[in-house]
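**Student:** Right, I'll just put the structure down here and ask away after.
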Amino acid sequence: MKNVTEFILLGLTQNPELQKLLFPVFLITYLMTLAGNLLISVTVFISPALGSPMYFFLSCLSIIDGFYSSSIAPKMIFDLTSEKNTISFNGCMSQLFAELFAAVEIILLIAMVYDRYVAICKPLHYMTIMSRPLCGLLMGIAGLLGFIHGGIQILFMVQLPFCGPYVIDHFMCDLIPLLELACTDTHTLGPLIAANSGSLCLLTFSMLVASYVIILHSLRSYSSEGRRKALSTCASHVPVVILFFVPCSFLYLRPMTSFPADKAVTVFCTLVTPMLNPLIYTLRNAEGKNVMRKFWGQIMKTGDK
């Protein structure tokens, strides 16, 4: 055993032809992710018509998606054009710590469903309950818990002894591939590290399901038109929850061993889901879509003058 300074990443694939094919696809997807999330966050922040708590949380989600994707995707895309891919030990730990963005997003989804609960079940008190201080507090709690989650992962991994060859069969530093390089018994430590992510995923998903059960139960007294309008406000939130928690469950609610599909699922989490989130919220939300169209139309007309 010796002090490790860098790891070798085997990448997403070692097929040169497939690498050439994936490079433009992933680059375009990443640029679309940045553009879509930037468009939503900027529009919400500067448009008075989108000043409700729902859009505040949406803009925060867009910012987090942009940071999360940017912490992983650029190196993955660049490595598709490189013959030998390495990452320093500090860079590896930074990628692990960047999981805090995923944790913040998970907790933010709870804040967003709470916002929908108040809007549907307590509409007359919505603006009083969902005040700016409360929204800021919920966002601050999400950030703090995400930071703690990322810090716990680093504390666990930074003290592990690693044995050569320092080859990671992945395109990024992730928990399971790193644990497989540790030259110590990880039968006890492995489940503890997995529990840090797995318990967060399971607990949050359970809270979200319980929240939707309460919302659906409260809609029994509504008219059919009222139920339709109420459920339409949740229509964009449910697909995002599914997109996030299905891959999360696959990666962390299982034995601590690598599977062939891990790379593809991680690509989906870090590249595809952050791109789809703004599209889902925009296309499934008529109010937001109309406001964005009018707002940017006015800006373009002003620019032409």
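Letters A, B, ... mark the chains of the structure tokens in the order given; residue numbers begin at 1 per chain; ligand numbers begin at 1, in order shown.
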Would you pick out the contacts of Leu9 (chain A) at 6 Å or less, using only C-alpha atoms, so that residues sharing its chain but fewer than 6 positions from it are not included, and give the list as JSON, numbers by chain?
**Tutor:** {"A": [85, 86, 168, 170, 171]}
**Student:** Find the residues near Leu39 (chain A): any atom within 10 Å, counting only C-alpha atoms, skip ones fewer than 5 places away on the same chain, and give them as a PyMOL selection string.
**Tutor:** chain A and resi 33-34+44+59+62+278+292+296
**Student:** Please identify the strand (DSSP E or B) residues within region 10-259 of chain A (assignment by DSSP from backbone atoms) and present them as a list in words.
**Tutor:**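 Everything in region 10-259 of chain A that counts as strand (DSSP E or B) is Thr86, Ile87, Ser88, Phe162, Val167, Ile168 and Ala182 of chain A.
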**Student:** Apply DSSP to the structure's backbone, then extract all residues of region 207-302 of chain A labelled helix (DSSP H, G or I) and return them as a ChimeraX atom specification.
**Tutor:** /A:207-221,224-232,237-252,262-283,286-302
**Student:** Using only C-alpha atoms, determine which residues lie at most 10 Å from Cys163 (chain A), disregarding the query and same-chain residues fewer than 4 positions distant; provide the list as a short mmCIF file (atom, residue, chain, number, x, y, z; two decimals) with N, CA, C and O atoms, in the first residue's frame.
**Tutor:**
```cif
data_model
loop_
_atom_site.label_atom_id
_atom_site.label_comp_id
_atom_site.auth_asym_id
_atom_site.auth_seq_id
_atom_site.Cartn_x
_atom_site.Cartn_y
_atom_site.Cartn_z
N MET A 1 0.84 -1.20 0.00
CA MET A 1 0.00 0.00 0.00
C MET A 1 0.88 1.24 0.00
O MET A 1 1.90 1.31 0.67
N LYS A 2 0.46 2.28 -0.73
CA LYS A 2 1.16 3.55 -0.75
C LYS A 2 0.15 4.67 -0.94
O LYS A 2 -1.01 4.44 -1.28
N ASN A 3 0.58 5.89 -0.68
CA ASN A 3 -0.32 7.02 -0.84
C ASN A 3 -0.66 7.20 -2.31
O ASN A 3 0.22 7.30 -3.16
N VAL A 4 -1.94 7.28 -2.61
CA VAL A 4 -2.40 7.41 -3.98
C VAL A 4 -2.50 8.89 -4.33
O VAL A 4 -2.97 9.69 -3.53
N VAL A 167 -7.13 1.62 -10.70
CA VAL A 167 -7.96 1.67 -11.91
C VAL A 167 -9.43 1.60 -11.50
O VAL A 167 -9.85 0.65 -10.83
N GLU A 180 -14.23 -0.82 -3.97
CA GLU A 180 -13.62 -2.03 -4.51
C GLU A 180 -12.11 -1.92 -4.62
O GLU A 180 -11.42 -2.94 -4.74
N LEU A 181 -11.56 -0.69 -4.58
CA LEU A 181 -10.11 -0.50 -4.63
C LEU A 181 -9.48 -0.46 -3.24
O LEU A 181 -8.26 -0.49 -3.12
N ALA A 182 -10.30 -0.37 -2.21
CA ALA A 182 -9.76 -0.25 -0.85
C ALA A 182 -9.13 -1.57 -0.42
O ALA A 182 -9.72 -2.63 -0.57
N CYS A 183 -7.90 -1.48 0.10
CA CYS A 183 -7.22 -2.68 0.57
C CYS A 183 -7.44 -2.85 2.07
O CYS A 183 -6.50 -2.86 2.87
N THR A 184 -8.69 -2.92 2.43
CA THR A 184 -9.09 -3.17 3.81
C THR A 184 -10.48 -3.80 3.77
O THR A 184 -11.15 -3.79 2.74
#
```
**Student:** Would you pick out the contacts of Met130 (chain A) at 12 Å or less, using only C-alpha atoms, so that residues sharing its chain but fewer than 3 positions from it are not included, and give the list as a PyMOL selection string?
**Tutor:** chain A and resi 51-54+56-57+111-112+114-119+122-127+133-138
**Student:** Give me, as an MDAnalysis selection string, all polymer residues having an atom no more than 10 Å from Leu175 (chain A), counting only C-alpha atoms and skipping those fewer than 6 positions away in the same chain.
**Tutor:** chainID A and resid 96 153 157 190 193:194 197 251:252 256:258
**Student:** Just to be explicit: take each residue in the selection above, keep all heavy atoms, and write the result as a PDB file, in the first residue's frame.
**Tutor:**
```pdb
ATOM      1  N   LEU A  96     -16.911  13.147  -5.452  1.00  0.00           N
ATOM      2  CA  LEU A  96     -17.734  12.518  -4.425  1.00  0.00           C
ATOM      3  C   LEU A  96     -18.515  13.561  -3.637  1.00  0.00           C
ATOM      4  O   LEU A  96     -19.701  13.393  -3.350  1.00  0.00           O
ATOM      5  CB  LEU A  96     -16.855  11.700  -3.467  1.00  0.00           C
ATOM      6  CG  LEU A  96     -16.461  10.289  -3.887  1.00  0.00           C
ATOM      7  CD1 LEU A  96     -15.610   9.657  -2.805  1.00  0.00           C
ATOM      8  CD2 LEU A  96     -17.686   9.440  -4.156  1.00  0.00           C
ATOM      9  N   GLN A 153     -19.689  11.501   3.237  1.00  0.00           N
ATOM     10  CA  GLN A 153     -19.064  10.627   2.237  1.00  0.00           C
ATOM     11  C   GLN A 153     -17.557  10.849   2.175  1.00  0.00           C
ATOM     12  O   GLN A 153     -16.782   9.881   2.085  1.00  0.00           O
ATOM     13  CB  GLN A 153     -19.688  10.890   0.864  1.00  0.00           C
ATOM     14  CG  GLN A 153     -21.123  10.437   0.750  1.00  0.00           C
ATOM     15  CD  GLN A 153     -21.572  10.280  -0.687  1.00  0.00           C
ATOM     16  OE1 GLN A 153     -22.481   9.525  -0.971  1.00  0.00           O
ATOM     17  NE2 GLN A 153     -20.951  10.983  -1.599  1.00  0.00           N
ATOM     18  N   MET A 157     -14.480   8.139   2.959  1.00  0.00           N
ATOM     19  CA  MET A 157     -13.626   7.676   1.874  1.00  0.00           C
ATOM     20  C   MET A 157     -12.190   8.162   1.984  1.00  0.00           C
ATOM     21  O   MET A 157     -11.264   7.467   1.565  1.00  0.00           O
ATOM     22  CB  MET A 157     -14.211   8.126   0.529  1.00  0.00           C
ATOM     23  CG  MET A 157     -15.603   7.584   0.245  1.00  0.00           C
ATOM     24  SD  MET A 157     -15.702   5.778   0.260  1.00  0.00           S
ATOM     25  CE  MET A 157     -14.628   5.365  -1.100  1.00  0.00           C
ATOM     26  N   GLY A 190     -18.760  -0.544   4.092  1.00  0.00           N
ATOM     27  CA  GLY A 190     -19.543  -0.430   2.871  1.00  0.00           C
ATOM     28  C   GLY A 190     -21.017  -0.146   3.124  1.00  0.00           C
ATOM     29  O   GLY A 190     -21.583   0.808   2.583  1.00  0.00           O
ATOM     30  N   ILE A 193     -21.564   3.407   4.389  1.00  0.00           N
ATOM     31  CA  ILE A 193     -21.468   4.425   3.341  1.00  0.00           C
ATOM     32  C   ILE A 193     -22.702   4.386   2.457  1.00  0.00           C
ATOM     33  O   ILE A 193     -23.260   5.434   2.080  1.00  0.00           O
ATOM     34  CB  ILE A 193     -20.187   4.203   2.505  1.00  0.00           C
ATOM     35  CG1 ILE A 193     -18.943   4.390   3.389  1.00  0.00           C
ATOM     36  CG2 ILE A 193     -20.140   5.149   1.321  1.00  0.00           C
ATOM     37  CD1 ILE A 193     -17.639   4.084   2.690  1.00  0.00           C
ATOM     38  N   ALA A 194     -23.163   3.169   2.129  1.00  0.00           N
ATOM     39  CA  ALA A 194     -24.360   3.035   1.300  1.00  0.00           C
ATOM     40  C   ALA A 194     -25.581   3.593   2.018  1.00  0.00           C
ATOM     41  O   ALA A 194     -26.464   4.204   1.391  1.00  0.00           O
ATOM     42  CB  ALA A 194     -24.581   1.572   0.936  1.00  0.00           C
ATOM     43  N   SER A 197     -26.407   7.332   1.545  1.00  0.00           N
ATOM     44  CA  SER A 197     -27.176   7.701   0.360  1.00  0.00           C
ATOM     45  C   SER A 197     -28.495   6.948   0.283  1.00  0.00           C
ATOM     46  O   SER A 197     -29.538   7.532  -0.042  1.00  0.00           O
ATOM     47  CB  SER A 197     -26.363   7.419  -0.911  1.00  0.00           C
ATOM     48  OG  SER A 197     -25.190   8.190  -0.945  1.00  0.00           O
ATOM     49  N   LEU A 251     -29.127   2.565  -7.711  1.00  0.00           N
ATOM     50  CA  LEU A 251     -27.713   2.739  -7.384  1.00  0.00           C
ATOM     51  C   LEU A 251     -27.400   2.496  -5.904  1.00  0.00           C
ATOM     52  O   LEU A 251     -26.313   2.016  -5.579  1.00  0.00           O
ATOM     53  CB  LEU A 251     -27.266   4.154  -7.770  1.00  0.00           C
ATOM     54  CG  LEU A 251     -27.170   4.452  -9.268  1.00  0.00           C
ATOM     55  CD1 LEU A 251     -26.871   5.926  -9.502  1.00  0.00           C
ATOM     56  CD2 LEU A 251     -26.099   3.582  -9.929  1.00  0.00           C
ATOM     57  N   TYR A 252     -28.338   2.819  -5.013  1.00  0.00           N
ATOM     58  CA  TYR A 252     -27.985   2.837  -3.595  1.00  0.00           C
ATOM     59  C   TYR A 252     -28.813   1.904  -2.715  1.00  0.00           C
ATOM     60  O   TYR A 252     -28.409   1.619  -1.601  1.00  0.00           O
ATOM     61  CB  TYR A 252     -28.100   4.270  -3.061  1.00  0.00           C
ATOM     62  CG  TYR A 252     -27.160   5.214  -3.756  1.00  0.00           C
ATOM     63  CD1 TYR A 252     -27.639   6.239  -4.556  1.00  0.00           C
ATOM     64  CD2 TYR A 252     -25.783   5.060  -3.649  1.00  0.00           C
ATOM     65  CE1 TYR A 252     -26.782   7.107  -5.215  1.00  0.00           C
ATOM     66  CE2 TYR A 252     -24.909   5.910  -4.305  1.00  0.00           C
ATOM     67  CZ  TYR A 252     -25.424   6.928  -5.089  1.00  0.00           C
ATOM     68  OH  TYR A 252     -24.562   7.772  -5.747  1.00  0.00           O
ATOM     69  N   MET A 256     -23.574  -3.616  -2.063  1.00  0.00           N
ATOM     70  CA  MET A 256     -22.475  -2.751  -2.501  1.00  0.00           C
ATOM     71  C   MET A 256     -21.544  -3.484  -3.449  1.00  0.00           C
ATOM     72  O   MET A 256     -20.422  -3.874  -3.085  1.00  0.00           O
ATOM     73  CB  MET A 256     -21.715  -2.225  -1.282  1.00  0.00           C
ATOM     74  CG  MET A 256     -22.526  -1.299  -0.405  1.00  0.00           C
ATOM     75  SD  MET A 256     -22.972   0.233  -1.263  1.00  0.00           S
ATOM     76  CE  MET A 256     -21.372   1.028  -1.360  1.00  0.00           C
ATOM     77  N   THR A 257     -22.006  -3.690  -4.655  1.00  0.00           N
ATOM     78  CA  THR A 257     -21.179  -4.299  -5.693  1.00  0.00           C
ATOM     79  C   THR A 257     -21.537  -3.662  -7.028  1.00  0.00           C
ATOM     80  O   THR A 257     -22.647  -3.177  -7.215  1.00  0.00           O
ATOM     81  CB  THR A 257     -21.414  -5.826  -5.755  1.00  0.00           C
ATOM     82  OG1 THR A 257     -20.549  -6.397  -6.713  1.00  0.00           O
ATOM     83  CG2 THR A 257     -22.853  -6.138  -6.119  1.00  0.00           C
ATOM     84  N   SER A 258     -20.582  -3.658  -7.954  1.00  0.00           N
ATOM     85  CA  SER A 258     -20.792  -3.004  -9.243  1.00  0.00           C
ATOM     86  C   SER A 258     -21.650  -3.863 -10.162  1.00  0.00           C
ATOM     87  O   SER A 258     -21.559  -5.092 -10.158  1.00  0.00           O
ATOM     88  CB  SER A 258     -19.446  -2.720  -9.923  1.00  0.00           C
ATOM     89  OG  SER A 258     -18.698  -1.794  -9.175  1.00  0.00           O
TER      90      SER A 258
END
```
**Student:** Tell me, as a VMD selection string, which residues lie within 8 Å of Ser88 (chain A), counting only C-alpha atoms; anything in the same chain fewer than 4 positions away does not count.
**Tutor:** chain A and resid 5 to 7 92
**Student:** Could you give me, as number ranges by chain, the residues within 10 Å of Pro274 (chain A), counting only C-alpha atoms and dropping anything in the same chain fewer than 3 positions from it?
**Tutor:** A: 29-30, 32-34, 36-37, 61-69, 240, 243-244, 268-271, 277-279
**Student:** Suppose we keep N, CA and C atoms; can you now write the selection as a JSON list (two decimals), in the first residue's frame?
**Tutor:**
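Below is the file that was written, again-v7.json:
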```
[["chain", "number", "residue", "atom", "x", "y", "z"],
["A", 29, "THR", "N", -26.23, 17.42, -25.41],
["A", 29, "THR", "CA", -27.12, 17.23, -24.27],
["A", 29, "THR", "C", -26.71, 18.12, -23.10],
["A", 30, "TYR", "N", -25.41, 18.20, -22.85],
["A", 30, "TYR", "CA", -24.92, 19.03, -21.75],
["A", 30, "TYR", "C", -25.20, 20.50, -22.00],
["A", 32, "MET", "N", -27.57, 21.72, -23.86],
["A", 32, "MET", "CA", -29.01, 21.90, -23.71],
["A", 32, "MET", "C", -29.40, 21.95, -22.24],
["A", 33, "THR", "N", -28.74, 21.16, -21.42],
["A", 33, "THR", "CA", -28.99, 21.17, -19.97],
["A", 33, "THR", "C", -28.68, 22.54, -19.39],
["A", 34, "LEU", "N", -27.51, 23.07, -19.72],
["A", 34, "LEU", "CA", -27.14, 24.39, -19.22],
["A", 34, "LEU", "C", -28.08, 25.48, -19.72],
["A", 36, "GLY", "N", -31.24, 25.22, -20.88],
["A", 36, "GLY", "CA", -32.60, 25.08, -20.36],
["A", 36, "GLY", "C", -32.71, 25.53, -18.92],
["A", 37, "ASN", "N", -31.78, 25.09, -18.09],
["A", 37, "ASN", "CA", -31.82, 25.45, -16.67],
["A", 37, "ASN", "C", -31.50, 26.93, -16.46],
["A", 61, "LEU", "N", -34.16, 24.58, -8.23],
["A", 61, "LEU", "CA", -33.93, 23.25, -8.79],
["A", 61, "LEU", "C", -33.13, 23.34, -10.08],
["A", 62, "SER", "N", -33.42, 24.34, -10.90],
["A", 62, "SER", "CA", -32.69, 24.52, -12.16],
["A", 62, "SER", "C", -31.23, 24.84, -11.91],
["A", 63, "ILE", "N", -30.97, 25.70, -10.93],
["A", 63, "ILE", "CA", -29.58, 26.05, -10.59],
["A", 63, "ILE", "C", -28.82, 24.82, -10.09],
["A", 64, "ILE", "N", -29.46, 24.05, -9.22],
["A", 64, "ILE", "CA", -28.82, 22.84, -8.68],
["A", 64, "ILE", "C", -28.55, 21.83, -9.79],
["A", 65, "ASP", "N", -29.52, 21.66, -10.69],
["A", 65, "ASP", "CA", -29.32, 20.74, -11.81],
["A", 65, "ASP", "C", -28.11, 21.15, -12.66],
["A", 66, "GLY", "N", -27.98, 22.47, -12.89],
["A", 66, "GLY", "CA", -26.85, 22.96, -13.67],
["A", 66, "GLY", "C", -25.52, 22.67, -12.99],
["A", 67, "PHE", "N", -25.44, 22.92, -11.68],
["A", 67, "PHE", "CA", -24.20, 22.66, -10.93],
["A", 67, "PHE", "C", -23.90, 21.16, -10.87],
["A", 68, "TYR", "N", -24.92, 20.36, -10.62],
["A", 68, "TYR", "CA", -24.71, 18.92, -10.50],
["A", 68, "TYR", "C", -24.19, 18.32, -11.80],
["A", 69, "SER", "N", -24.83, 18.69, -12.91],
["A", 69, "SER", "CA", -24.37, 18.19, -14.20],
["A", 69, "SER", "C", -22.96, 18.68, -14.51],
["A", 240, "VAL", "N", -40.75, 14.27, -12.41],
["A", 240, "VAL", "CA", -39.41, 14.59, -11.92],
["A", 240, "VAL", "C", -39.03, 13.69, -10.76],
["A", 243, "LEU", "N", -38.19, 10.31, -12.27],
["A", 243, "LEU", "CA", -36.90, 10.36, -12.96],
["A", 243, "LEU", "C", -35.73, 10.34, -11.98],
["A", 244, "PHE", "N", -35.93, 10.90, -10.81],
["A", 244, "PHE", "CA", -34.84, 10.98, -9.85],
["A", 244, "PHE", "C", -34.73, 9.73, -8.98],
["A", 268, "PHE", "N", -27.54, 8.84, -16.94],
["A", 268, "PHE", "CA", -28.93, 9.31, -16.89],
["A", 268, "PHE", "C", -29.12, 10.31, -15.75],
["A", 269, "CYS", "N", -28.54, 10.01, -14.59],
["A", 269, "CYS", "CA", -28.70, 10.89, -13.42],
["A", 269, "CYS", "C", -28.00, 12.23, -13.61],
["A", 270, "THR", "N", -26.82, 12.21, -14.19],
["A", 270, "THR", "CA", -25.99, 13.42, -14.23],
["A", 270, "THR", "C", -26.15, 14.23, -15.51],
["A", 271, "LEU", "N", -26.74, 13.65, -16.54],
["A", 271, "LEU", "CA", -26.83, 14.35, -17.82],
["A", 271, "LEU", "C", -28.27, 14.44, -18.34],
["A", 277, "ASN", "N", -35.61, 17.91, -16.60],
["A", 277, "ASN", "CA", -36.34, 18.64, -15.57],
["A", 277, "ASN", "C", -36.93, 19.96, -16.07],
["A", 278, "PRO", "N", -36.12, 20.86, -16.67],
["A", 278, "PRO", "CA", -36.71, 22.12, -17.15],
["A", 278, "PRO", "C", -37.72, 21.92, -18.26],
["A", 279, "LEU", "N", -37.49, 20.91, -19.12],
["A", 279, "LEU", "CA", -38.44, 20.64, -20.20],
["A", 279, "LEU", "C", -39.79, 20.20, -19.64]]
```
**Student:** Go through A:Ala210, A:Ala103, A:Ile215, A:Thr43 one by one, measure the shortest atom-to-atom distance of each to Lys289 (chain A) using only C-alpha atoms, and give the residue with the smallest value.
**Tutor:**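 Among A:Ala210, A:Ala103, A:Ile215, A:Thr43, it is A:Thr43 that comes nearest to Lys289 (chain A).
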**Student:** Separation of CA of Ser249 (chain A) and CA of Ser199 (chain A), in Å?
**Tutor:**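 Value for the CA of Ser249 (chain A)-CA of Ser199 (chain A) distance: 10.0 Å.
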**Student:** When you draw a straight line from CA of Pro191 (chain A) to CA of Gln159 (chain A), how long is it in Å?
**Tutor:**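 Distance reported for this atom pair: 16.2 Å.
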**Student:** Grab the CA of Asp262 (chain A) to CA of Val209 (chain A) distance for me, in Å with one decimal place.
**Tutor:**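 Calculated distance between CA of Asp262 (chain A) and CA of Val209 (chain A) is 25.7 Å.
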**Student:** Using only C-alpha atoms, which residue out of A:Leu203, A:Met275, A:Ile106, A:Phe26 lies closest to Ile40 (chain A)?
**Tutor:**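 Going through A:Leu203, A:Met275, A:Ile106, A:Phe26 one by one, the smallest distance to Ile40 (chain A) is for A:Met275.
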**Student:** Between A:Met93, A:Leu202, A:Ala235, A:Ala49, which residue has the minimum interatomic distance to Ile152 (chain A), considering only C-alpha atoms?
**Tutor:**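 For Ile152 (chain A), the nearest of the candidates is A:Met93.
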**Student:** Can you work out which one of A:Thr128, A:Ser236, A:Ser94, A:Thr186 has the shortest atom-to-atom distance to Asp174 (chain A), counting only C-alpha atoms?
**Tutor:**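 Using only C-alpha atoms, the shortest distance to Asp174 (chain A) belongs to A:Ser94.
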**Student:** Rank A:Leu160, A:Leu144, A:Ile46, A:Val113 by their smallest atom-to-atom distance to Leu178 (chain A), using only C-alpha atoms, and report the top residue only.
**Tutor:**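 Looking at the shortest contact to Leu178 (chain A), the residue is A:Leu160.
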